[in-house]
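Asker: For reference, the file run.txt (compact mmCIF, C-alpha atoms) is included below:
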```txt
# COMPACT_ATOMS: atom_id res chain seq x y z
CA MET A 1 -74.96 -14.17 -15.28
CA LYS A 2 -72.29 -16.79 -14.55
CA PHE A 3 -70.31 -18.65 -17.20
CA TYR A 4 -68.55 -21.69 -15.77
CA GLY A 5 -65.45 -23.12 -17.39
CA LEU A 6 -64.64 -20.04 -19.57
CA PRO A 7 -61.50 -17.88 -19.28
CA LYS A 8 -62.13 -14.41 -17.93
CA ILE A 9 -61.51 -12.69 -21.24
CA TYR A 10 -64.14 -14.93 -22.93
CA LYS A 11 -66.63 -14.31 -20.14
CA THR A 12 -66.25 -10.57 -20.58
CA GLY A 13 -66.71 -10.83 -24.36
CA VAL A 14 -69.81 -13.01 -24.07
CA ARG A 15 -71.37 -10.66 -21.52
CA ARG A 16 -70.74 -7.70 -23.76
CA PHE A 17 -72.23 -9.54 -26.69
CA LEU A 18 -75.34 -10.57 -24.80
CA GLY A 19 -75.69 -7.09 -23.41
CA ARG A 20 -76.29 -5.81 -26.91
CA TRP A 21 -79.45 -7.81 -27.44
CA PRO A 22 -82.79 -6.93 -25.83
CA TYR A 23 -83.91 -10.51 -25.36
CA ALA A 24 -80.66 -11.36 -23.55
CA THR A 25 -81.10 -8.40 -21.20
CA ALA A 26 -84.65 -9.46 -20.44
CA GLU A 27 -83.53 -13.00 -19.61
CA MET A 28 -80.78 -11.78 -17.30
CA THR A 29 -83.24 -9.51 -15.48
CA ARG A 30 -85.67 -12.35 -14.96
CA THR A 31 -82.91 -14.58 -13.60
CA LYS A 32 -81.92 -11.94 -11.05
CA LEU A 33 -85.52 -11.55 -9.86
CA LEU A 34 -85.86 -15.27 -9.41
CA SER A 35 -82.65 -15.43 -7.40
CA LYS A 36 -83.56 -12.47 -5.20
CA ASN A 37 -87.18 -13.31 -4.38
CA SER A 38 -87.15 -17.10 -4.18
CA PRO A 39 -87.26 -18.73 -0.68
CA LYS A 40 -84.55 -20.99 0.61
CA ARG A 41 -84.56 -24.43 -0.82
CA ARG A 42 -85.77 -27.11 1.46
CA SER A 43 -85.24 -30.83 1.34
CA SER A 44 -88.00 -33.25 0.54
CA LYS A 45 -87.64 -36.36 2.60
CA ALA A 46 -90.15 -38.11 0.44
CA CYS A 47 -88.20 -37.86 -2.72
CA GLY A 48 -84.73 -37.04 -1.44
CA ARG A 49 -84.21 -34.13 -3.79
CA HIS A 50 -84.30 -30.36 -3.69
CA TRP A 51 -87.26 -28.37 -4.84
CA ARG A 52 -88.50 -24.84 -4.53
CA GLU A 53 -91.86 -23.19 -4.44
CA PRO A 54 -93.16 -22.02 -7.80
CA LEU A 55 -93.24 -18.28 -8.09
CA GLU A 56 -95.41 -15.91 -9.99
CA VAL A 57 -92.91 -14.12 -12.15
CA ARG A 58 -94.01 -11.14 -14.22
CA ASP A 59 -92.83 -11.39 -17.82
CA ILE A 60 -90.95 -8.20 -18.32
CA THR A 61 -89.59 -9.07 -21.73
CA SER A 62 -91.96 -6.65 -23.37
CA GLU A 63 -90.90 -3.96 -20.93
CA THR A 64 -87.19 -4.41 -21.40
CA SER A 65 -87.14 -5.07 -25.14
CA GLY A 66 -87.26 -1.64 -26.68
CA ALA A 67 -86.00 -0.39 -30.01
CA MET A 68 -82.33 -1.02 -30.78
CA ASP A 69 -80.00 1.88 -30.23
CA PRO A 70 -79.47 3.74 -33.56
CA ARG A 71 -75.72 3.36 -33.22
CA ARG A 72 -76.16 -0.39 -32.76
CA LYS A 73 -78.31 -0.51 -35.88
CA ILE A 74 -75.62 1.21 -37.91
CA GLN A 75 -72.96 -1.15 -36.57
CA PHE A 76 -75.12 -4.19 -37.28
CA THR A 77 -75.93 -3.03 -40.85
CA THR A 78 -72.26 -2.31 -41.50
CA ILE A 79 -71.31 -5.81 -40.37
CA LEU A 80 -73.89 -7.38 -42.72
CA ILE A 81 -72.63 -5.34 -45.66
CA LEU A 82 -69.03 -6.34 -44.93
CA ILE A 83 -70.03 -10.01 -44.75
CA ALA A 84 -71.81 -9.76 -48.12
CA LEU A 85 -68.78 -8.08 -49.71
CA ILE A 86 -66.47 -10.75 -48.32
CA ILE A 87 -68.67 -13.50 -49.81
CA LEU A 88 -68.71 -11.82 -53.21
CA LEU A 89 -64.95 -11.25 -53.11
CA TYR A 90 -64.37 -14.88 -52.21
CA HIS A 91 -66.55 -16.04 -55.09
CA PHE A 92 -64.68 -13.79 -57.54
CA LEU A 93 -61.27 -14.91 -56.32
CA GLU A 94 -62.35 -18.54 -56.30
CA ILE A 95 -63.24 -18.29 -60.02
CA SER A 96 -60.20 -16.24 -61.02
CA ILE A 97 -57.69 -18.56 -59.36
CA ARG A 98 -59.11 -21.69 -60.96
CA PRO A 99 -56.52 -23.52 -63.04
CA PRO A 100 -56.88 -23.04 -66.82
CA ASP A 101 -57.86 -26.68 -67.24
CA VAL A 102 -60.77 -26.25 -64.84
CA ARG A 103 -61.92 -23.10 -66.64
CA ARG A 104 -61.76 -24.89 -69.96
CA ILE A 105 -63.84 -27.76 -68.61
CA LEU A 106 -66.47 -25.34 -67.30
CA HIS A 107 -66.54 -23.46 -70.62
CA PHE A 108 -66.94 -26.73 -72.51
CA SER A 109 -69.75 -27.74 -70.15
CA ARG A 110 -71.57 -24.47 -70.79
CA MET A 111 -71.10 -24.91 -74.54
CA GLN A 112 -72.63 -28.37 -74.30
CA GLU A 113 -75.57 -26.95 -72.36
CA SER A 114 -76.01 -24.23 -74.99
CA GLN A 115 -75.93 -26.83 -77.77
CA LEU A 116 -78.67 -28.79 -76.00
CA GLU A 117 -80.80 -25.64 -75.88
CA LEU A 118 -80.19 -25.00 -79.57
CA GLN A 119 -81.52 -28.48 -80.32
CA SER A 120 -84.95 -27.44 -79.02
CA LEU A 121 -85.69 -25.77 -82.38
CA VAL A 122 -84.16 -28.42 -84.63
CA VAL A 123 -86.80 -30.50 -86.42
CA ASP A 124 -86.48 -34.16 -85.45
CA SER A 125 -87.14 -36.99 -87.86
CA GLY A 126 -90.55 -38.61 -87.78
CA HIS A 127 -92.90 -36.96 -85.30
CA THR A 128 -92.52 -33.42 -83.93
CA GLU A 129 -95.77 -32.67 -82.10
CA THR A 130 -94.31 -33.23 -78.62
CA LYS A 131 -91.34 -30.99 -79.35
CA ARG A 132 -93.52 -28.26 -80.83
CA GLN A 133 -95.74 -28.25 -77.75
CA LYS A 134 -92.72 -27.36 -75.59
CA LEU A 135 -91.97 -24.22 -77.60
CA LEU A 136 -93.41 -20.77 -77.02
CA ASN A 137 -97.20 -20.75 -77.34
CA LEU A 138 -97.65 -18.45 -80.32
CA GLU A 139 -101.36 -18.06 -79.60
CA LYS A 140 -100.57 -16.20 -76.37
CA ILE A 141 -98.34 -13.46 -77.78
CA GLY A 142 -99.29 -10.20 -79.46
CA TRP A 143 -100.15 -10.10 -83.16
CA PRO A 144 -101.07 -7.16 -85.38
CA GLU A 145 -104.67 -6.68 -86.38
CA ARG A 146 -105.10 -8.33 -89.76
CA GLU A 147 -106.75 -6.58 -92.70
CA TYR A 148 -109.52 -8.45 -94.51
CA LEU A 149 -111.48 -7.83 -97.67
CA PRO A 150 -114.99 -6.50 -97.00
CA LEU A 151 -116.31 -8.93 -99.63
CA PRO A 152 -114.98 -12.45 -100.26
CA MET A 153 -112.88 -12.72 -103.39
CA GLY A 154 -115.13 -13.96 -106.19
CA ALA A 155 -118.24 -12.23 -104.87
CA PRO A 156 -119.87 -9.62 -107.12
CA GLY A 157 -118.08 -6.30 -106.61
CA SER A 158 -114.87 -7.82 -105.18
CA ARG A 159 -111.53 -6.67 -106.60
CA GLN A 160 -107.92 -7.75 -106.28
CA LEU A 161 -105.37 -4.96 -106.08
CA PRO A 162 -101.56 -5.16 -105.86
CA LEU A 163 -100.10 -4.96 -102.34
CA GLU A 164 -103.62 -5.23 -100.87
CA PRO A 165 -105.11 -8.10 -98.81
CA LYS A 166 -106.58 -10.96 -100.83
CA PHE A 167 -108.69 -12.80 -98.24
CA SER A 168 -111.98 -12.16 -96.48
CA ARG A 169 -112.40 -13.49 -92.94
CA GLY A 170 -114.05 -16.70 -94.08
CA GLN A 171 -111.45 -17.29 -96.78
CA MET A 172 -108.61 -16.73 -94.31
CA ARG A 173 -110.16 -19.24 -91.90
CA THR A 174 -110.30 -21.70 -94.79
CA VAL A 175 -106.58 -21.22 -95.49
CA TRP A 176 -105.59 -21.90 -91.89
CA LYS A 177 -107.84 -24.96 -91.63
CA LEU A 178 -106.26 -26.37 -94.78
CA PHE A 179 -102.80 -25.69 -93.41
CA ALA A 180 -103.58 -27.23 -90.00
CA THR A 181 -104.94 -30.30 -91.77
CA PHE A 182 -101.75 -30.65 -93.82
CA VAL A 183 -99.54 -30.31 -90.71
CA ASN A 184 -101.57 -32.94 -88.87
CA VAL A 185 -101.45 -35.33 -91.82
CA MET A 186 -97.65 -35.10 -92.09
CA GLU A 187 -97.40 -35.70 -88.35
CA GLU A 188 -99.76 -38.67 -88.50
CA ILE A 189 -97.87 -40.40 -91.31
CA GLY A 190 -94.55 -39.72 -89.54
CA PHE A 191 -92.96 -37.35 -92.04
CA SER A 192 -92.91 -34.03 -90.18
CA ASP A 193 -89.27 -33.55 -91.18
CA ARG A 194 -89.89 -34.16 -94.90
CA TRP A 195 -91.60 -30.87 -95.74
CA MET A 196 -90.96 -27.14 -95.29
CA LEU A 197 -92.30 -23.69 -96.07
CA TYR A 198 -91.29 -22.55 -99.52
CA GLY A 199 -91.26 -19.59 -101.87
CA GLY A 200 -93.38 -16.61 -100.90
CA THR A 201 -94.68 -18.39 -97.79
CA LEU A 202 -91.12 -18.88 -96.51
CA LEU A 203 -90.47 -15.20 -97.22
CA GLY A 204 -93.63 -14.36 -95.26
CA SER A 205 -92.39 -16.25 -92.20
CA PHE A 206 -88.97 -14.60 -92.39
CA ARG A 207 -90.21 -11.06 -93.03
CA HIS A 208 -93.64 -10.99 -91.32
CA HIS A 209 -93.93 -14.13 -89.11
CA ASP A 210 -97.06 -14.73 -91.20
CA ILE A 211 -98.40 -14.87 -94.74
CA ILE A 212 -97.16 -11.96 -96.83
CA PRO A 213 -100.06 -9.52 -96.26
CA TRP A 214 -100.84 -9.29 -100.02
CA ASP A 215 -100.14 -12.95 -100.96
CA ASP A 216 -102.95 -15.20 -102.21
CA ASP A 217 -101.75 -18.78 -101.56
CA LEU A 218 -99.47 -20.94 -99.39
CA ASP A 219 -96.38 -22.62 -100.87
CA LEU A 220 -95.10 -25.89 -99.40
CA LEU A 221 -92.21 -28.13 -100.48
CA VAL A 222 -92.43 -31.88 -99.80
CA ASP A 223 -90.00 -34.75 -100.34
CA VAL A 224 -91.21 -36.64 -103.41
CA GLN A 225 -90.49 -39.94 -101.65
CA VAL A 226 -93.42 -39.34 -99.26
CA ARG A 227 -95.85 -38.19 -101.99
CA THR A 228 -97.64 -41.53 -102.21
CA ALA A 229 -98.31 -41.69 -98.46
CA LEU A 230 -99.41 -38.04 -98.37
CA ARG A 231 -101.84 -38.44 -101.26
CA GLU A 232 -103.31 -41.62 -99.83
CA LYS A 233 -104.04 -39.95 -96.51
CA LEU A 234 -105.48 -36.80 -98.12
CA ARG A 235 -107.83 -38.85 -100.31
CA SER A 236 -109.34 -40.32 -97.16
CA LEU A 237 -110.40 -36.84 -95.99
CA LYS A 238 -112.99 -36.31 -98.74
CA PRO A 239 -115.38 -34.53 -99.07
CA ASP A 240 -114.19 -31.84 -96.64
CA ILE A 241 -110.62 -31.83 -97.97
CA LEU A 242 -110.02 -32.25 -101.71
CA LEU A 243 -106.85 -32.98 -103.66
CA GLN A 244 -105.96 -32.11 -107.23
CA GLU A 245 -103.04 -34.33 -108.21
CA GLY A 246 -100.54 -33.14 -110.78
CA GLU A 247 -97.39 -34.56 -112.30
CA LYS A 248 -95.12 -32.23 -110.33
CA ARG A 249 -97.47 -30.23 -108.10
CA ASP A 250 -100.62 -30.87 -106.08
CA LYS A 251 -103.40 -28.54 -104.90
CA ILE A 252 -105.10 -29.08 -101.55
CA TYR A 253 -108.40 -27.22 -101.23
CA ALA A 254 -111.63 -27.28 -99.24
CA LYS A 255 -115.11 -28.44 -100.15
CA LEU A 256 -116.56 -26.06 -102.74
CA ILE A 257 -119.28 -23.67 -101.66
CA LYS A 258 -122.46 -23.42 -103.72
CA PRO A 259 -122.29 -20.78 -106.47
CA SER A 260 -125.52 -19.30 -105.13
CA ASN A 261 -123.66 -18.46 -101.90
CA SER A 262 -120.79 -16.64 -103.58
CA SER A 263 -121.76 -13.33 -101.96
CA ASN A 264 -121.66 -14.84 -98.47
CA ASP A 265 -118.42 -14.90 -96.51
CA GLU A 266 -118.53 -18.66 -95.94
CA GLU A 267 -115.70 -21.05 -95.22
CA GLY A 268 -114.79 -23.23 -98.15
CA SER A 269 -113.11 -22.97 -101.54
CA ARG A 270 -114.63 -21.46 -104.70
CA GLU A 271 -114.41 -22.26 -108.39
CA LEU A 272 -112.96 -19.03 -109.76
CA SER A 273 -110.78 -20.17 -112.67
CA VAL A 274 -110.93 -22.40 -115.74
CA TYR A 275 -109.24 -25.17 -113.76
CA SER A 276 -111.02 -27.82 -111.72
CA TRP A 277 -109.57 -26.98 -108.32
CA GLY A 278 -110.97 -24.34 -106.01
CA TRP A 279 -109.42 -21.39 -104.25
CA PRO A 280 -108.14 -20.86 -101.52
CA TYR A 281 -105.72 -23.78 -101.77
CA LEU A 282 -102.30 -25.00 -100.65
CA ASP A 283 -99.76 -25.20 -103.47
CA VAL A 284 -97.67 -28.33 -102.81
CA SER A 285 -94.42 -28.73 -104.76
CA TYR A 286 -92.10 -31.74 -104.54
CA TYR A 287 -88.34 -32.06 -104.45
CA SER A 288 -85.87 -34.79 -105.30
CA SER A 289 -82.39 -35.01 -103.81
CA ASN A 290 -78.90 -36.30 -104.46
CA ALA A 291 -75.78 -36.38 -102.29
CA THR A 292 -75.34 -32.60 -102.20
CA HIS A 293 -78.51 -30.82 -103.34
CA ILE A 294 -82.29 -30.89 -103.41
CA GLU A 295 -84.17 -29.74 -106.52
CA GLU A 296 -87.79 -28.75 -107.03
CA LEU A 297 -89.39 -30.98 -109.67
CA ALA A 298 -91.44 -28.22 -111.28
CA TRP A 299 -90.06 -25.12 -112.93
CA SER A 300 -91.31 -21.67 -111.99
CA TYR A 301 -90.99 -18.42 -113.90
CA GLY A 302 -88.89 -20.12 -116.56
CA ARG A 303 -86.24 -21.64 -114.34
CA SER A 304 -85.50 -24.58 -112.03
CA TYR A 305 -84.61 -24.24 -108.37
CA SER A 306 -82.01 -26.28 -106.49
CA TYR A 307 -80.47 -25.74 -103.06
CA ALA A 308 -77.42 -27.08 -101.25
CA LYS A 309 -78.36 -29.63 -98.59
CA SER A 310 -76.08 -27.82 -96.15
CA ASP A 311 -78.40 -24.80 -96.46
CA VAL A 312 -81.54 -26.87 -96.02
CA PHE A 313 -80.84 -29.53 -93.39
CA PRO A 314 -81.38 -29.95 -90.55
CA LEU A 315 -84.68 -28.14 -90.77
CA LEU A 316 -85.38 -25.54 -88.09
CA PHE A 317 -88.67 -24.44 -86.54
CA ARG A 318 -89.82 -20.92 -87.36
CA PRO A 319 -93.03 -19.06 -86.41
CA PHE A 320 -95.71 -18.87 -89.06
CA ASN A 321 -98.74 -17.16 -87.60
CA MET A 322 -99.85 -19.46 -84.74
CA HIS A 323 -97.74 -22.42 -85.90
CA TRP A 324 -94.15 -23.62 -85.41
CA VAL A 325 -93.23 -24.98 -88.82
CA PRO A 326 -90.21 -26.61 -90.53
CA THR A 327 -88.06 -24.26 -92.59
CA PRO A 328 -84.61 -24.55 -94.19
CA ARG A 329 -81.63 -24.33 -91.86
CA ASN A 330 -80.35 -21.27 -93.70
CA THR A 331 -83.58 -19.52 -94.61
CA PHE A 332 -81.87 -16.27 -95.62
CA THR A 333 -79.55 -18.00 -98.11
CA VAL A 334 -82.41 -20.03 -99.60
CA LEU A 335 -84.47 -16.85 -100.05
CA LEU A 336 -81.57 -15.05 -101.72
CA HIS A 337 -81.26 -17.96 -104.14
CA THR A 338 -85.01 -17.96 -104.81
CA TYR A 339 -85.27 -14.19 -105.21
CA PRO A 340 -81.76 -13.19 -106.37
CA GLU A 341 -82.60 -9.70 -107.60
CA ASN A 342 -85.70 -8.87 -105.62
CA ASP A 343 -85.05 -7.35 -102.20
CA LEU A 344 -88.11 -5.09 -102.39
CA CYS A 345 -91.82 -5.63 -101.72
CA SER A 346 -93.60 -6.74 -104.86
CA THR A 347 -96.40 -8.76 -106.34
CA SER A 348 -95.67 -11.54 -108.80
CA GLY A 349 -97.97 -10.41 -111.59
CA TYR A 350 -99.89 -13.70 -111.40
CA SER A 351 -103.19 -14.34 -109.65
CA HIS A 352 -103.63 -17.74 -107.99
CA ILE A 353 -107.25 -16.76 -107.38
CA PHE A 354 -108.23 -16.58 -111.04
CA GLU A 355 -105.13 -18.37 -112.44
CA ASN A 356 -104.23 -15.60 -114.85
CA GLY A 357 -101.93 -12.64 -115.19
CA THR A 358 -102.62 -9.55 -113.14
CA GLU A 359 -101.24 -6.12 -112.39
CA SER A 360 -97.88 -6.10 -110.61
CA GLN A 361 -96.30 -3.47 -108.44
CA ILE A 362 -92.92 -2.98 -106.76
CA VAL A 363 -92.19 -0.60 -103.89
CA THR A 364 -89.61 -0.31 -101.15
CA CYS A 365 -90.81 -2.20 -98.09
CA LYS A 366 -90.14 0.88 -95.98
CA GLU A 367 -93.11 2.52 -97.73
CA LEU A 368 -95.37 -0.16 -96.21
CA ALA A 369 -93.89 -0.01 -92.69
CA GLY A 370 -96.77 2.05 -91.32
CA ARG A 371 -99.39 -0.40 -92.59
CA TYR A 372 -97.89 -3.89 -92.36
CA ALA A 373 -95.70 -5.43 -89.65
CA PHE A 374 -92.10 -6.46 -90.45
CA VAL A 375 -89.50 -8.52 -88.58
CA GLU A 376 -86.34 -7.01 -87.09
CA HIS A 377 -83.42 -9.48 -86.92
CA ALA A 378 -80.69 -9.13 -84.28
CA PRO A 379 -78.37 -11.37 -82.21
CA LEU A 380 -79.90 -12.35 -78.89
CA TYR A 381 -76.53 -11.93 -77.17
CA GLU A 382 -74.58 -8.85 -78.18
CA THR A 383 -71.33 -10.60 -77.22
CA VAL A 384 -71.50 -12.89 -80.25
CA GLN A 385 -68.28 -12.32 -82.17
CA ASP A 386 -68.71 -11.11 -85.72
CA LYS A 387 -66.29 -13.48 -87.43
CA ASP A 388 -66.81 -14.38 -91.07
CA ASP A 389 -65.85 -18.01 -90.51
CA LYS A 390 -68.50 -18.37 -87.79
CA GLN A 391 -71.47 -16.80 -89.60
CA ASN A 392 -72.93 -20.18 -90.58
CA ASP A 393 -72.87 -21.50 -87.01
CA LEU A 394 -76.24 -21.85 -85.31
CA ASP A 395 -76.90 -19.36 -82.55
CA TRP A 396 -79.74 -17.60 -80.75
CA ILE A 397 -81.41 -14.87 -82.78
CA ARG A 398 -83.89 -12.27 -81.56
CA GLU A 399 -86.73 -11.48 -83.96
CA ARG A 400 -89.06 -8.59 -83.19
CA LEU A 401 -92.25 -7.99 -85.12
CA VAL A 402 -92.64 -4.22 -85.43
CA LEU A 403 -95.35 -2.03 -86.89
CA GLY A 404 -93.73 1.33 -87.46
CA ASP A 405 -92.11 2.18 -84.12
CA LYS A 406 -94.31 -0.22 -82.13
CA ILE A 407 -93.02 -3.63 -81.03
CA ILE A 408 -95.77 -6.24 -81.49
CA HIS A 409 -93.88 -9.25 -80.11
CA GLU A 410 -90.39 -10.69 -79.69
CA ILE A 411 -89.41 -14.31 -80.35
CA ARG A 412 -86.10 -16.10 -79.72
CA LEU A 413 -85.07 -18.41 -82.53
CA VAL A 414 -82.18 -20.62 -83.55
CA ALA A 415 -80.60 -19.72 -86.89
CA PRO A 416 -77.20 -19.16 -88.52
CA ARG A 417 -75.53 -16.07 -87.10
CA ARG A 418 -75.67 -14.23 -90.43
CA GLU A 419 -79.46 -14.05 -90.10
CA SER A 420 -79.05 -11.71 -87.14
CA ASN A 421 -77.53 -9.19 -89.54
CA VAL A 422 -80.38 -8.92 -92.08
CA GLU A 423 -82.10 -5.62 -92.74
CA THR A 424 -85.72 -5.23 -91.70
CA TYR A 425 -87.08 -3.74 -94.92
CA ARG A 426 -84.72 -5.29 -97.48
CA LEU A 427 -83.72 -8.87 -98.15
CA GLN A 428 -80.03 -8.18 -97.74
CA ALA A 429 -77.34 -8.12 -95.06
CA LYS A 430 -76.80 -4.93 -93.11
CA SER A 431 -73.80 -2.94 -94.25
CA LYS A 432 -70.85 -2.98 -91.84
CA MET A 433 -70.00 0.39 -90.37
```
Rewrite the coordinates I just gave you, this time as structure tokens.

Answerer:
Amino acid sequence: MKFYGLPKIYKTGVRRFLGRWPYATAEMTRTKLLSKNSPKRRSSKACGRHWREPLEVRDITSETSGAMDPRRKIQFTTILILIALIILLYHFLEISIRPPDVRRILHFSRMQESQLELQSLVVDSGHTETKRQKLLNLEKIGWPEREYLPLPMGAPGSRQLPLEPKFSRGQMRTVWKLFATFVNVMEEIGFSDRWMLYGGTLLGSFRHHDIIPWDDDLDLLVDVQVRTALREKLRSLKPDILLQEGEKRDKIYAKLIKPSNSSNDEEGSRELSVYSWGWPYLDVSYYSSNATHIEELAWSYGRSYSYAKSDVFPLLFRPFNMHWVPTPRNTFTVLLHTYPENDLCSTSGYSHIFENGTESQIVTCKELAGRYAFVEHAPLYETVQDKDDKQNDLDWIRERLVLGDKIIHEIRLVAPRRESNVETYRLQAKSKM
């Protein structure tokens, strides 16, 4: 093969290079055959240009292109590895030799990006449905098998026991329909950021990602300034949804089932107490606010409850069964303030089913670990620095729902860093080693 216009040393190098490749060898062989077997060119008077007879040339590419020599393979592989290492080394050096100002700009850019991601779980004012739909679909992750009562509460032969489930299947469906209705109403009237989980229901989300397995109602806290709009909308949902209005608390319950059907596990609420409302129901409390704190209007267990606004706002989304719901910014701190001396698993000693006192029981939560699922709290990124002055900063938290040694699901949340250091079976921070 001839190479016109190249210095001799280049010609030699190119030939050697081409000689290494089977397809190049095949092409050179075909060229030689054409040159050797073709007849002399003859002139065409008609067109005044040279031409030559077409030849039947046997394609010998398949004959000449065999497997690459093993030594060539090794050389070729070595070259590829060296090229990859050079690229990686260049990338490393390119980063390391960047001026400090450039590195600071990049770090700031990444921090801004991280802050934008953190905002995905911050509850916006007004409507939140679109934002909630972009979060993890909680219906498509694993959940523990729920325990139900064999008979609906209120049916002949039914009993309520401490630390035991309180709902039959039909009664649990009623609870979730009531809750979904409330969520939709708050969204429709544009106040999705003016309510939150509260009390034992907030504790359930934090400790179980669900209702506390032995709880018997749902506790919600709503801004008193939206009470009028909420009540007006709920009144329009009669007769399927009913509202018992109180001075400081409201009860939202379902259409009452017929007393003759009390043994059937039907959806609906039941008259089981001396009061006019039925059970199951949602217990809606209201709060007022000033410049620094919010305060629940009603007293509970002989005391009032107020919380610093810095611990409450902005509200953050947390999982609650199949729902993403608003909760206080610093859920752990709010729970500690609500239950200051109760880091165990207990019943309140009051039945919301029959609205009277009942047997109470207190055990360590670890004793229930083989029966009920609990949430493990940990930082999502182990590189998060454990500085006391940074513990209130929002960061990514990993929450795993575990049943004994089995992981049921894992969810990534946004919360203050201190919440990544909470014990699984006690409402307290982990001790530092």

Asker: When you draw a straight line from CA of Glu376 (chain A) to CA of Arg400 (chain A), how long is it in Å?

Answerer: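 According to the coordinates, CA of Glu376 (chain A) and CA of Arg400 (chain A) are separated by 5.0 Å.
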
Asker: Neighbouring residues of region 263-277 of chain A were defined as those with any atom within 6 Å, considering only C-alpha atoms; residues of the same chain fewer than 2 positions away were excluded. Please report them as number ranges by chain.

Answerer: A: 152, 155, 170-171, 174, 254-257, 261, 279-280, 354-355

Asker: Store the residues picked out above in a file with C-alpha atoms, as a PDB file, keeping the file's coordinate frame.

Answerer:
```pdb
ATOM      1  CA  PRO A 152    -114.980 -12.450-100.260  1.00  0.00           C
ATOM      2  CA  ALA A 155    -118.240 -12.230-104.870  1.00  0.00           C
ATOM      3  CA  GLY A 170    -114.050 -16.700 -94.080  1.00  0.00           C
ATOM      4  CA  GLN A 171    -111.450 -17.290 -96.780  1.00  0.00           C
ATOM      5  CA  THR A 174    -110.300 -21.700 -94.790  1.00  0.00           C
ATOM      6  CA  ALA A 254    -111.630 -27.280 -99.240  1.00  0.00           C
ATOM      7  CA  LYS A 255    -115.110 -28.440-100.150  1.00  0.00           C
ATOM      8  CA  LEU A 256    -116.560 -26.060-102.740  1.00  0.00           C
ATOM      9  CA  ILE A 257    -119.280 -23.670-101.660  1.00  0.00           C
ATOM     10  CA  ASN A 261    -123.660 -18.460-101.900  1.00  0.00           C
ATOM     11  CA  TRP A 279    -109.420 -21.390-104.250  1.00  0.00           C
ATOM     12  CA  PRO A 280    -108.140 -20.860-101.520  1.00  0.00           C
ATOM     13  CA  PHE A 354    -108.230 -16.580-111.040  1.00  0.00           C
ATOM     14  CA  GLU A 355    -105.130 -18.370-112.440  1.00  0.00           C
TER      15      GLU A 355
END
```

Asker: Using all atoms listed in the file, which residues sit within 8 Å of Ile362 (chain A) once same-chain residues fewer than 4 positions away are excluded, as a list of chain:residue names?

Answerer: A:Leu344, A:Cys345, A:Ser346, A:Thr347

Asker: So how many Å separate CA of Ile397 (chain A) and CA of Thr201 (chain A), to one decimal?

Answerer: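 For CA of Ile397 (chain A) relative to CA of Thr201 (chain A), the distance reads 20.3 Å.
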
Asker: Using all atoms listed in the file for the distances, tell me which of A:Thr331, A:Ser348, A:Thr228, A:Thr424 is nearest to Ala369 (chain A).

Answerer: A:Thr424

Asker: Write out as a list in words which residues come within 8 Å of Asp217 (chain A) when counting all atoms listed in the file, dropping same-chain ones fewer than 6 positions away.

Answerer: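 Near Asp217 (chain A), the qualifying residues are Pro280, Tyr281, Leu282, Asp283 and His352 of chain A.
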
Asker: Might you pull out every residue within 12 Å of Glu232 (chain A), with only C-alpha atoms counted and same-chain residues fewer than 3 positions away left off, and present them as a ChimeraX atom specification?

Answerer: /A:185-186,189,226-229,235-238,242-243,245

Asker: From the set A:Asn421, A:Ser304, A:Thr364, A:Asn356, which residue has the shortest atom-to-atom contact distance to Leu380 (chain A), counting only C-alpha atoms?

Answerer: A:Asn421
